[in-house]
Amino acid sequence: MLLLHAVAKKRLLAGFVLLPLLVASGRAQSDLEKIIRQQNAENVKGYVQPIADLFGANMNAGFIRNARIPETGFNIRFDIIGMVGLVSSDQETYMAQDPWGGKFQTATIFGKKGGSSPNPLAPTDTTQAFRGSDGLFSTSIFPFATPQLTIGHIFGTEASIRYVPIPEISKLPKITLFGIGVRHSISQYFDAFPVDLAAGFLYNSFTVGDIISVKGYGFTLQGSKELAILVLYGGVQLEKSTLTLTYTSTVSGNVNVELEGSNVVRGVVGAGLNLGFLKIFADANFGAITSFSGGIGFGF
Amino acid sequence: MKVKLVLGLLVVALTTMGFDCVNDNALISVNIPGLTGTFRINPGGTSFDETVTVHSSDYLDIGFEDYNLNSLRVYDIRVSTIGSFAGNVTGQVLINGQQLLSYNGPWNSFNTPQSLVTSTLITRNAAGVAALLSAIRNKQDVAIRGFGTVSQTVPSGLAVQVEILAQVDAAL
């Protein structure tokens with residue numbers, strides 16, 4: 001009974017944290033689908049590329065933590081992790097293709113006003129120009145949040161899972177987040193090693209409706225040092241993420257494009273507090289995308 | 001208690017740190033596809049006059065039925081001929097009764113679609129653009145009338161085709 005109560009509570013907490021994000025993004029997601037349908041296969045890449053970069057960077061964050069992984073002993077921990085990627089100014093515009101074979105600068109999804117390409121026939125006549133859509137989001141950060149359940153330890157190894165299935169509700173499309181990760185202690189093989197070391201692998205996928213899906217994976221080498229309740233940690237992660245767009249364009253029919261996230265390697269530095277059952281942690285991630293992650297954990 | 005406080009702060013942060021940041025006045029450039037008319041010429045005849053009606057549900061993406069539409073941009077019109085014929089063709093295209101364009105030239109020149117942007121054989125008329133904007137803004141059907149003459153009697157299977165490429169702004 002107590003176990004059921006605890007599980008129900010965890011589900012409630014996960015839903016509680018994710019709900020504001022999902023509801024707030026619901027309308028934007030619907031508008032995003034509408035904008036995407038107006039783009040051909042070429043221009044949609046530039047318009048959506050920043051989303052691919054930031055989704056990938058966020059999704060692959062939050063995995064480098066305290067590298068002390070005991071060889072044996074049952075352990076379970078539930079984390080709520082928030083991530084934010086910083087939107088840079090060069091992610092606000094891109095060069096789009098116009099109908100006459102030229103290029104023009106216009107807004108990405110994070111841009112401001114869409115640009116126009118004047119018609120060669122009548123350069124001053126705006127009623128004959130070709131125009132890109134305005135940016136959809138006005139923000140300097142791109143957030144993400146996920147619950148994560150971690151279970152260990154066998155031979156100095158622990159496994160983590162992220163899973164959030166949100167069914168289609170009204171205008172909100174079906175959203176599914178799934179992720180798995182494995183970390184293995186390296187320092188267990190060395191006597192009196194000054195810091196804890198671990199290696200890990202993670203895989204994440206995130207699908208929104210029928211149009212957008214993001215998949216990513218990474219390999220990490222991480223280290224940490226415990227100083228009483230303080231944990232200092234850091235690491236390096238090699239990673240890849242791919243955003244797939246599948247939709248029917250109003251100008252070019254069925255479109256299926258894949259966009260690679262720009263983050264391929266990241267360095268992480270962070271700190272946490274071990275307050276017994278409660279953990280608090282935060283870190284900075286440096287790579288092609290600068291992002292931050294942090295959160296709270298419950299467990300041992 | 002502390003756990004609830006931390007959770008509360010986290011949720012407040014998630015709901016206020018710029019997540020509900022949709023550009024409320026953003027303009028979406030909406031394509032207006034399907035504004036195409038094919039006008040057949042009866043074999044043995046020297047003139048044609050036909051009207052094609054494009055319903056609003058056919059030219060407007062279903063997601064924009066409830067949006068305010070403005071600033072129509074007709075960025076190209078392409079006129080082409082189907083079939084082989086040695087004479088000339090002269091014609092006009094009307095949108096809901098207003099002239100959108102006129103064209104004149106050798107039939108075979110139009111076998112390669114002639115673009116308003118690059119061809120000297122087509123002339124655009126602002127009245128037709130205004131009529132098109134009015135129809136699209138009010139989500140009305142668009143009647144594309146094509147009429148004209150050819151320089152001599154034609155064999156079977158000939159037609160003139162007009163394709164209008166346009167965008168309109170929809171405000172979020």
# chains A, B, ... in the order shown; residues from 1 in each chain; ligands from 1
call {"tool": "residues_around", "arguments": {"residues": "Tyr59 in chain B", "least_positions_apart": "5", "cutoff": "10 Å", "atoms": "only C-alpha atoms", "output": "PyMOL selection string"}}
result
(chain A and resi 250) or (chain B and resi 31-36+54+136+139+141-142)
call {"tool": "interface_residues", "arguments": {"of": "chain A", "to": "chain B", "cutoff": "8 Å", "atoms": "only C-alpha atoms", "output": "number ranges by chain"}}
result
A: 16-17, 20-21, 24-25, 28, 31, 34-35, 38, 113-114, 119-121, 126-143, 250-251
call {"tool": "write_last_selection", "arguments": {"atoms": "N, CA and C atoms", "output": "mmCIF file, in the first residue's frame"}}
result
data_model
loop_
_atom_site.group_PDB
_atom_site.id
_atom_site.type_symbol
_atom_site.label_atom_id
_atom_site.label_comp_id
_atom_site.auth_asym_id
_atom_site.auth_seq_id
_atom_site.Cartn_x
_atom_site.Cartn_y
_atom_site.Cartn_z
ATOM 1 N N PHE A 16 2.975 16.886 -12.672
ATOM 2 C CA PHE A 16 2.851 18.258 -12.188
ATOM 3 C C PHE A 16 3.938 19.145 -12.763
ATOM 4 N N VAL A 17 5.151 18.593 -12.820
ATOM 5 C CA VAL A 17 6.272 19.376 -13.336
ATOM 6 C C VAL A 17 6.182 19.541 -14.847
ATOM 7 N N PRO A 20 2.880 22.194 -16.960
ATOM 8 C CA PRO A 20 2.937 23.587 -17.413
ATOM 9 C C PRO A 20 3.702 23.740 -18.716
ATOM 10 N N LEU A 21 4.794 22.991 -18.824
ATOM 11 C CA LEU A 21 5.605 23.053 -20.039
ATOM 12 C C LEU A 21 4.801 22.578 -21.246
ATOM 13 N N ALA A 24 1.758 24.957 -22.035
ATOM 14 C CA ALA A 24 2.236 26.208 -22.621
ATOM 15 C C ALA A 24 2.700 25.999 -24.047
ATOM 16 N N SER A 25 3.279 24.842 -24.289
ATOM 17 C CA SER A 25 3.795 24.607 -25.636
ATOM 18 C C SER A 25 2.724 24.047 -26.572
ATOM 19 N N ALA A 28 1.664 26.599 -29.149
ATOM 20 C CA ALA A 28 2.813 26.850 -30.018
ATOM 21 C C ALA A 28 3.060 25.667 -30.938
ATOM 22 N N ASP A 31 0.603 25.820 -33.729
ATOM 23 C CA ASP A 31 0.998 26.865 -34.678
ATOM 24 C C ASP A 31 2.243 26.446 -35.451
ATOM 25 N N LYS A 34 1.344 24.317 -38.294
ATOM 26 C CA LYS A 34 0.759 25.098 -39.394
ATOM 27 C C LYS A 34 1.846 25.806 -40.200
ATOM 28 N N ILE A 35 2.830 26.371 -39.485
ATOM 29 C CA ILE A 35 3.914 27.066 -40.190
ATOM 30 C C ILE A 35 4.725 26.074 -41.009
ATOM 31 N N GLN A 38 3.588 25.159 -44.409
ATOM 32 C CA GLN A 38 3.728 26.169 -45.460
ATOM 33 C C GLN A 38 5.127 26.187 -46.073
ATOM 34 N N LYS A 113 10.816 39.372 -37.210
ATOM 35 C CA LYS A 113 9.994 39.514 -38.412
ATOM 36 C C LYS A 113 10.588 38.711 -39.572
ATOM 37 N N GLY A 114 9.724 38.089 -40.340
ATOM 38 C CA GLY A 114 10.173 37.367 -41.513
ATOM 39 C C GLY A 114 10.702 38.318 -42.569
ATOM 40 N N ASN A 119 10.407 40.738 -55.825
ATOM 41 C CA ASN A 119 10.206 40.108 -57.127
ATOM 42 C C ASN A 119 11.106 40.788 -58.156
ATOM 43 N N PRO A 120 11.919 40.038 -58.901
ATOM 44 C CA PRO A 120 12.805 40.658 -59.897
ATOM 45 C C PRO A 120 12.044 41.502 -60.906
ATOM 46 N N LEU A 121 10.780 41.161 -61.126
ATOM 47 C CA LEU A 121 9.965 41.901 -62.088
ATOM 48 C C LEU A 121 9.598 43.281 -61.564
ATOM 49 N N THR A 126 5.541 45.359 -53.121
ATOM 50 C CA THR A 126 5.470 44.332 -52.074
ATOM 51 C C THR A 126 4.371 43.297 -52.334
ATOM 52 N N THR A 127 3.425 43.629 -53.216
ATOM 53 C CA THR A 127 2.353 42.661 -53.495
ATOM 54 C C THR A 127 2.822 41.545 -54.432
ATOM 55 N N GLN A 128 4.077 41.665 -54.911
ATOM 56 C CA GLN A 128 4.611 40.600 -55.759
ATOM 57 C C GLN A 128 5.838 39.938 -55.131
ATOM 58 N N ALA A 129 6.117 40.300 -53.869
ATOM 59 C CA ALA A 129 7.292 39.751 -53.191
ATOM 60 C C ALA A 129 6.980 38.371 -52.622
ATOM 61 N N PHE A 130 8.033 37.688 -52.175
ATOM 62 C CA PHE A 130 7.890 36.407 -51.494
ATOM 63 C C PHE A 130 8.390 36.613 -50.069
ATOM 64 N N ARG A 131 7.610 36.196 -49.113
ATOM 65 C CA ARG A 131 7.933 36.519 -47.723
ATOM 66 C C ARG A 131 8.024 35.258 -46.871
ATOM 67 N N GLY A 132 8.978 35.262 -45.948
ATOM 68 C CA GLY A 132 9.097 34.168 -44.977
ATOM 69 C C GLY A 132 8.244 34.454 -43.754
ATOM 70 N N SER A 133 7.845 33.412 -43.052
ATOM 71 C CA SER A 133 7.038 33.591 -41.843
ATOM 72 C C SER A 133 7.869 34.220 -40.724
ATOM 73 N N ASP A 134 7.163 34.885 -39.808
ATOM 74 C CA ASP A 134 7.830 35.419 -38.618
ATOM 75 C C ASP A 134 8.269 34.268 -37.724
ATOM 76 N N GLY A 135 9.129 34.586 -36.776
ATOM 77 C CA GLY A 135 9.485 33.606 -35.758
ATOM 78 C C GLY A 135 8.288 33.296 -34.879
ATOM 79 N N LEU A 136 8.255 32.080 -34.354
ATOM 80 C CA LEU A 136 7.110 31.686 -33.526
ATOM 81 C C LEU A 136 7.375 31.938 -32.038
ATOM 82 N N PHE A 137 8.632 31.755 -31.617
ATOM 83 C CA PHE A 137 8.954 31.924 -30.203
ATOM 84 C C PHE A 137 9.806 33.166 -29.991
ATOM 85 N N SER A 138 9.473 33.918 -28.960
ATOM 86 C CA SER A 138 10.304 35.050 -28.567
ATOM 87 C C SER A 138 10.896 34.712 -27.208
ATOM 88 N N THR A 139 12.055 34.135 -27.229
ATOM 89 C CA THR A 139 12.652 33.685 -25.972
ATOM 90 C C THR A 139 14.162 33.564 -26.132
ATOM 91 N N SER A 140 14.858 33.692 -25.049
ATOM 92 C CA SER A 140 16.305 33.507 -25.085
ATOM 93 C C SER A 140 16.704 32.153 -24.511
ATOM 94 N N ILE A 141 15.716 31.407 -24.014
ATOM 95 C CA ILE A 141 16.015 30.067 -23.481
ATOM 96 C C ILE A 141 15.013 29.058 -24.038
ATOM 97 N N PHE A 142 15.470 27.832 -24.139
ATOM 98 C CA PHE A 142 14.592 26.764 -24.614
ATOM 99 C C PHE A 142 14.583 25.664 -23.555
ATOM 100 N N PRO A 143 13.449 25.445 -22.910
ATOM 101 C CA PRO A 143 13.430 24.551 -21.751
ATOM 102 C C PRO A 143 13.025 23.121 -22.074
ATOM 103 N N THR A 250 2.216 22.304 -48.277
ATOM 104 C CA THR A 250 1.204 22.813 -49.207
ATOM 105 C C THR A 250 1.820 23.206 -50.552
ATOM 106 N N VAL A 251 3.152 23.228 -50.609
ATOM 107 C CA VAL A 251 3.801 23.577 -51.881
ATOM 108 C C VAL A 251 4.613 22.441 -52.499
#
call {"tool": "residues_around", "arguments": {"residues": "Asn88 in chain B", "least_positions_apart": "3", "cutoff": "10 Å", "atoms": "only C-alpha atoms", "output": "JSON, numbers by chain"}}
result
{"B": [85, 104, 105, 106, 107, 108, 109, 110, 149, 150, 151, 152]}
call {"tool": "write_last_selection", "arguments": {"atoms": "N, CA and C atoms", "output": "compact mmCIF listing (two decimals), in the first residue's frame"}}
result
# COMPACT_ATOMS: atom_id res chain seq x y z
N PHE B 85 0.82 23.23 -81.81
CA PHE B 85 0.03 24.05 -82.71
C PHE B 85 0.95 25.14 -83.27
N ASN B 104 -0.04 37.02 -74.91
CA ASN B 104 -0.08 37.04 -76.37
C ASN B 104 1.25 36.54 -76.90
N GLY B 105 1.19 35.55 -77.80
CA GLY B 105 2.44 35.07 -78.38
C GLY B 105 2.25 33.77 -79.11
N PRO B 106 3.34 33.25 -79.69
CA PRO B 106 3.27 31.96 -80.39
C PRO B 106 2.88 30.83 -79.44
N TRP B 107 1.96 30.00 -79.89
CA TRP B 107 1.49 28.88 -79.06
C TRP B 107 2.66 28.03 -78.55
N ASN B 108 3.57 27.71 -79.41
CA ASN B 108 4.67 26.83 -79.02
C ASN B 108 5.59 27.45 -77.98
N SER B 109 5.63 28.79 -77.94
CA SER B 109 6.45 29.44 -76.90
C SER B 109 5.90 29.14 -75.52
N PHE B 110 4.59 28.94 -75.45
CA PHE B 110 3.96 28.65 -74.15
C PHE B 110 4.02 27.16 -73.79
N THR B 149 -8.34 33.78 -78.08
CA THR B 149 -8.47 33.31 -79.46
C THR B 149 -7.14 32.74 -79.93
N VAL B 150 -7.25 31.91 -80.94
CA VAL B 150 -6.05 31.41 -81.60
C VAL B 150 -6.11 31.83 -83.06
N SER B 151 -4.97 31.85 -83.70
CA SER B 151 -4.87 32.48 -85.03
C SER B 151 -5.50 31.63 -86.13
N GLN B 152 -5.71 30.36 -85.87
CA GLN B 152 -6.34 29.51 -86.88
C GLN B 152 -6.98 28.32 -86.18
call {"tool": "closest_residue", "arguments": {"among": "A:Tyr189, A:Phe104, A:Tyr47, A:Phe55", "to": "Lys215 in chain A", "atoms": "only C-alpha atoms"}}
result
A:Phe55
call {"tool": "closest_residue", "arguments": {"among": "A:Thr242, A:Thr108, A:Asn58, A:Asn66", "to": "Leu273 in chain A", "atoms": "only C-alpha atoms"}}
result
A:Asn66
call {"tool": "select_by_dssp", "arguments": {"residues": "chain B", "states": "strand (DSSP E or B)", "output": "PyMOL selection string"}}
result
chain B and resi 22+27-32+36-41+47-54+69-82+88-95+98-106+114-115+122-124+142-150+158-171
call {"tool": "closest_residue", "arguments": {"among": "A:Ile161, A:Leu197, A:Ile80, A:Ile212", "to": "Ile280 in chain A", "atoms": "only C-alpha atoms"}}
result
A:Ile80
call {"tool": "residues_around", "arguments": {"residues": "range 61-64 of chain A", "least_positions_apart": "3", "cutoff": "9 Å", "atoms": "only C-alpha atoms", "output": "count of residues only"}}
result
31
call {"tool": "residues_around", "arguments": {"residues": "range 49-53 of chain B", "least_positions_apart": "3", "cutoff": "10 Å", "atoms": "only C-alpha atoms", "output": "MDAnalysis selection string"}}
result
chainID B and resid 35:41 56 91:96 141:149
call {"tool": "decode", "arguments": {"residues": "range 63-112 of chain A", "atoms": "N, CA and C atoms", "output": "compact mmCIF listing (two decimals), in the first residue's frame"}}
result
# COMPACT_ATOMS: atom_id res chain seq x y z
N PHE A 63 22.70 13.81 -17.48
CA PHE A 63 23.14 12.43 -17.28
C PHE A 63 24.48 12.35 -16.56
N ILE A 64 25.25 13.43 -16.65
CA ILE A 64 26.54 13.46 -15.95
C ILE A 64 26.31 13.99 -14.54
N ARG A 65 26.59 13.14 -13.56
CA ARG A 65 26.29 13.50 -12.16
C ARG A 65 27.37 12.92 -11.26
N ASN A 66 27.00 12.66 -10.04
CA ASN A 66 27.91 12.02 -9.09
C ASN A 66 28.36 10.66 -9.66
N ALA A 67 29.68 10.52 -9.84
CA ALA A 67 30.19 9.31 -10.48
C ALA A 67 30.47 8.18 -9.49
N ARG A 68 30.14 8.39 -8.23
CA ARG A 68 30.36 7.31 -7.26
C ARG A 68 29.23 6.29 -7.37
N ILE A 69 29.56 5.13 -7.90
CA ILE A 69 28.57 4.06 -8.09
C ILE A 69 29.09 2.83 -7.35
N PRO A 70 28.45 2.48 -6.23
CA PRO A 70 28.92 1.31 -5.47
C PRO A 70 28.87 0.04 -6.31
N GLU A 71 29.72 -0.92 -5.92
CA GLU A 71 29.76 -2.17 -6.70
C GLU A 71 28.47 -2.97 -6.56
N THR A 72 27.95 -3.00 -5.34
CA THR A 72 26.71 -3.77 -5.11
C THR A 72 25.80 -2.99 -4.15
N GLY A 73 24.61 -3.52 -3.97
CA GLY A 73 23.66 -2.91 -3.03
C GLY A 73 22.49 -2.29 -3.77
N PHE A 74 21.28 -2.56 -3.28
CA PHE A 74 20.09 -2.02 -3.95
C PHE A 74 19.98 -0.52 -3.72
N ASN A 75 19.69 0.18 -4.78
CA ASN A 75 19.53 1.64 -4.69
C ASN A 75 18.50 2.08 -5.71
N ILE A 76 17.64 2.98 -5.28
CA ILE A 76 16.67 3.54 -6.22
C ILE A 76 16.58 5.04 -5.97
N ARG A 77 16.50 5.79 -7.06
CA ARG A 77 16.45 7.25 -6.93
C ARG A 77 15.53 7.81 -8.01
N PHE A 78 14.72 8.78 -7.61
CA PHE A 78 13.83 9.44 -8.57
C PHE A 78 14.24 10.90 -8.68
N ASP A 79 14.53 11.34 -9.91
CA ASP A 79 14.96 12.72 -10.14
C ASP A 79 13.95 13.46 -11.01
N ILE A 80 13.85 14.73 -10.76
CA ILE A 80 13.15 15.61 -11.69
C ILE A 80 14.20 16.57 -12.22
N ILE A 81 14.42 16.53 -13.51
CA ILE A 81 15.52 17.28 -14.11
C ILE A 81 14.97 18.33 -15.07
N GLY A 82 15.40 19.53 -14.90
CA GLY A 82 15.05 20.62 -15.84
C GLY A 82 16.28 21.01 -16.63
N MET A 83 16.09 21.31 -17.90
CA MET A 83 17.21 21.73 -18.74
C MET A 83 16.81 23.00 -19.49
N VAL A 84 17.74 23.89 -19.70
CA VAL A 84 17.50 25.04 -20.58
C VAL A 84 18.68 25.24 -21.50
N GLY A 85 18.40 25.37 -22.78
CA GLY A 85 19.43 25.70 -23.75
C GLY A 85 19.33 27.18 -24.07
N LEU A 86 20.47 27.81 -24.26
CA LEU A 86 20.45 29.25 -24.57
C LEU A 86 20.31 29.46 -26.07
N VAL A 87 19.36 30.32 -26.44
CA VAL A 87 19.14 30.65 -27.85
C VAL A 87 20.08 31.80 -28.20
N SER A 88 20.98 31.57 -29.14
CA SER A 88 21.92 32.62 -29.50
C SER A 88 21.36 33.47 -30.65
N SER A 89 21.93 34.66 -30.81
CA SER A 89 21.40 35.59 -31.82
C SER A 89 21.56 35.04 -33.23
N ASP A 90 22.60 34.23 -33.46
CA ASP A 90 22.77 33.70 -34.82
C ASP A 90 21.78 32.57 -35.13
N GLN A 91 20.97 32.20 -34.14
CA GLN A 91 19.91 31.21 -34.39
C GLN A 91 18.58 31.88 -34.72
N GLU A 92 18.60 33.20 -34.91
CA GLU A 92 17.35 33.92 -35.17
C GLU A 92 17.08 34.12 -36.66
N THR A 93 18.09 33.95 -37.50
CA THR A 93 17.88 34.15 -38.94
C THR A 93 18.55 33.02 -39.73
N TYR A 94 18.10 32.85 -40.94
CA TYR A 94 18.75 31.91 -41.85
C TYR A 94 18.52 32.40 -43.28
N MET A 95 19.26 31.81 -44.22
CA MET A 95 19.11 32.19 -45.63
C MET A 95 18.13 31.21 -46.29
N ALA A 96 17.02 31.74 -46.73
CA ALA A 96 15.97 30.91 -47.34
C ALA A 96 16.03 31.02 -48.85
N GLN A 97 15.44 30.04 -49.50
CA GLN A 97 15.38 30.00 -50.97
C GLN A 97 14.12 30.74 -51.41
N ASP A 98 14.25 31.63 -52.40
CA ASP A 98 13.04 32.26 -52.94
C ASP A 98 12.59 31.53 -54.21
N PRO A 99 11.42 31.84 -54.74
CA PRO A 99 10.91 31.07 -55.89
C PRO A 99 11.68 31.31 -57.18
N TRP A 100 12.56 32.33 -57.16
CA TRP A 100 13.26 32.69 -58.39
C TRP A 100 14.71 32.22 -58.39
N GLY A 101 15.05 31.33 -57.46
CA GLY A 101 16.40 30.76 -57.44
C GLY A 101 17.39 31.54 -56.62
N GLY A 102 16.94 32.60 -55.97
CA GLY A 102 17.85 33.39 -55.14
C GLY A 102 17.71 33.04 -53.67
N LYS A 103 18.44 33.78 -52.84
CA LYS A 103 18.39 33.57 -51.39
C LYS A 103 18.00 34.88 -50.72
N PHE A 104 17.36 34.77 -49.57
CA PHE A 104 17.07 35.96 -48.78
C PHE A 104 17.09 35.60 -47.31
N GLN A 105 17.39 36.61 -46.49
CA GLN A 105 17.48 36.36 -45.05
C GLN A 105 16.11 36.50 -44.41
N THR A 106 15.74 35.54 -43.61
CA THR A 106 14.45 35.60 -42.93
C THR A 106 14.55 34.97 -41.54
N ALA A 107 13.45 35.00 -40.83
CA ALA A 107 13.46 34.57 -39.43
C ALA A 107 13.40 33.06 -39.30
N THR A 108 14.12 32.53 -38.33
CA THR A 108 13.92 31.13 -37.92
C THR A 108 12.77 31.11 -36.92
N ILE A 109 12.53 29.96 -36.37
CA ILE A 109 11.46 29.81 -35.39
C ILE A 109 11.69 30.71 -34.17
N PHE A 110 12.95 31.08 -33.91
CA PHE A 110 13.25 31.97 -32.78
C PHE A 110 13.50 33.40 -33.25
N GLY A 111 13.24 33.69 -34.51
CA GLY A 111 13.51 35.01 -35.05
C GLY A 111 12.40 36.00 -34.78
N LYS A 112 12.57 37.18 -35.37
CA LYS A 112 11.57 38.23 -35.18
C LYS A 112 10.71 38.29 -36.45
